[in-house]
Amino acid sequence: MNIQKTYQKLLIRSFKLRDITDKHAHFSYIIFRNKILSFGMNDACKTSPLTYKYTNNINKLNTHAEVASIICFLEDFNILRKCTLFSIRVNKKRQALMAKPCNVCERILTDFGLKNVYYSVSNVEVNKLW
């Protein structure tokens, strides 16, 4: 997989999603063999039982994009060990922003065993978490 090429495609998709919603700005994609297997977006109004297992901090219970993409994952969870997750945050000006997963999301992603995790830094820069 060409990471930069995949990132650019997902970034364009994220800009389009951001254009149609004022509510969401952080998107997460689970990729396997260049196909999107799952997608998630942040939701400050929705809590997640999965997140609750990892923190009792009431401020961290809203559904983050990374967690939403795992919740929506319809494949066998063993496949996650072969998948790559991209976390992308964008603004209305079509700029990619820092989207490094928080500590809670990082623990969840680790426990689910994703092979690689990347996050946006800018329109041209994507960093690898692992």
# chains A, B, ... in the order shown; residues from 1 in each chain; ligands from 1
call {"tool": "select_by_dssp", "arguments": {"residues": "chain A", "states": "alpha helix (DSSP H)", "output": "ChimeraX atom specification"}}
result
/A:3-20,49-54,65-71,103-112
call {"tool": "residues_around", "arguments": {"residues": "Lys115 in chain A", "least_positions_apart": "5", "cutoff": "8 Å", "atoms": "only C-alpha atoms", "output": "ChimeraX atom specification"}}
result
/A:80-84,130
call {"tool": "residues_around", "arguments": {"residues": "range 48-62 of chain A", "least_positions_apart": "2", "cutoff": "10 Å", "atoms": "only C-alpha atoms", "output": "list in words"}}
result
Asn42, Asp43, Ala44, Cys45, Lys46, His64, Ala65, Val67, Ala68, Ile70, Ile71, Cys102, Asn103, Val104, Cys105, Arg107 and Ile108 of chain A
call {"tool": "residues_around", "arguments": {"residues": "Leu129 in chain A", "least_positions_apart": "6", "cutoff": "8 Å", "atoms": "only C-alpha atoms", "output": "list in words"}}
result
Lys100, Asn116, Val117, Tyr118 and Tyr119 of chain A
call {"tool": "write_last_selection", "arguments": {"atoms": "N, CA, C and O atoms", "output": "compact mmCIF listing (two decimals), in the first residue's frame"}}
result
# COMPACT_ATOMS: atom_id res chain seq x y z
N LYS A 100 -3.89 12.90 16.00
CA LYS A 100 -3.28 11.82 16.78
C LYS A 100 -4.31 11.29 17.78
O LYS A 100 -4.93 12.06 18.50
N ASN A 116 -1.31 -1.22 11.61
CA ASN A 116 -0.71 0.12 11.47
C ASN A 116 -1.76 1.17 11.79
O ASN A 116 -2.94 1.00 11.47
N VAL A 117 -1.30 2.28 12.37
CA VAL A 117 -2.17 3.41 12.64
C VAL A 117 -1.46 4.68 12.17
O VAL A 117 -0.32 4.95 12.57
N TYR A 118 -2.14 5.45 11.30
CA TYR A 118 -1.62 6.71 10.80
C TYR A 118 -2.59 7.83 11.17
O TYR A 118 -3.80 7.59 11.28
N TYR A 119 -2.07 9.03 11.33
CA TYR A 119 -2.93 10.18 11.63
C TYR A 119 -2.46 11.41 10.87
O TYR A 119 -1.28 11.58 10.59
call {"tool": "atom_distance", "arguments": {"atom1": "CA of Phe77 in chain A", "atom2": "CA of Thr6 in chain A"}}
result
22.3 Å
call {"tool": "select_by_dssp", "arguments": {"residues": "chain A", "states": "strand (DSSP E or B)", "output": "ChimeraX atom specification"}}
result
/A:26-32,35-41,43-47,62-63,84-90,96-97,116-120,126-128
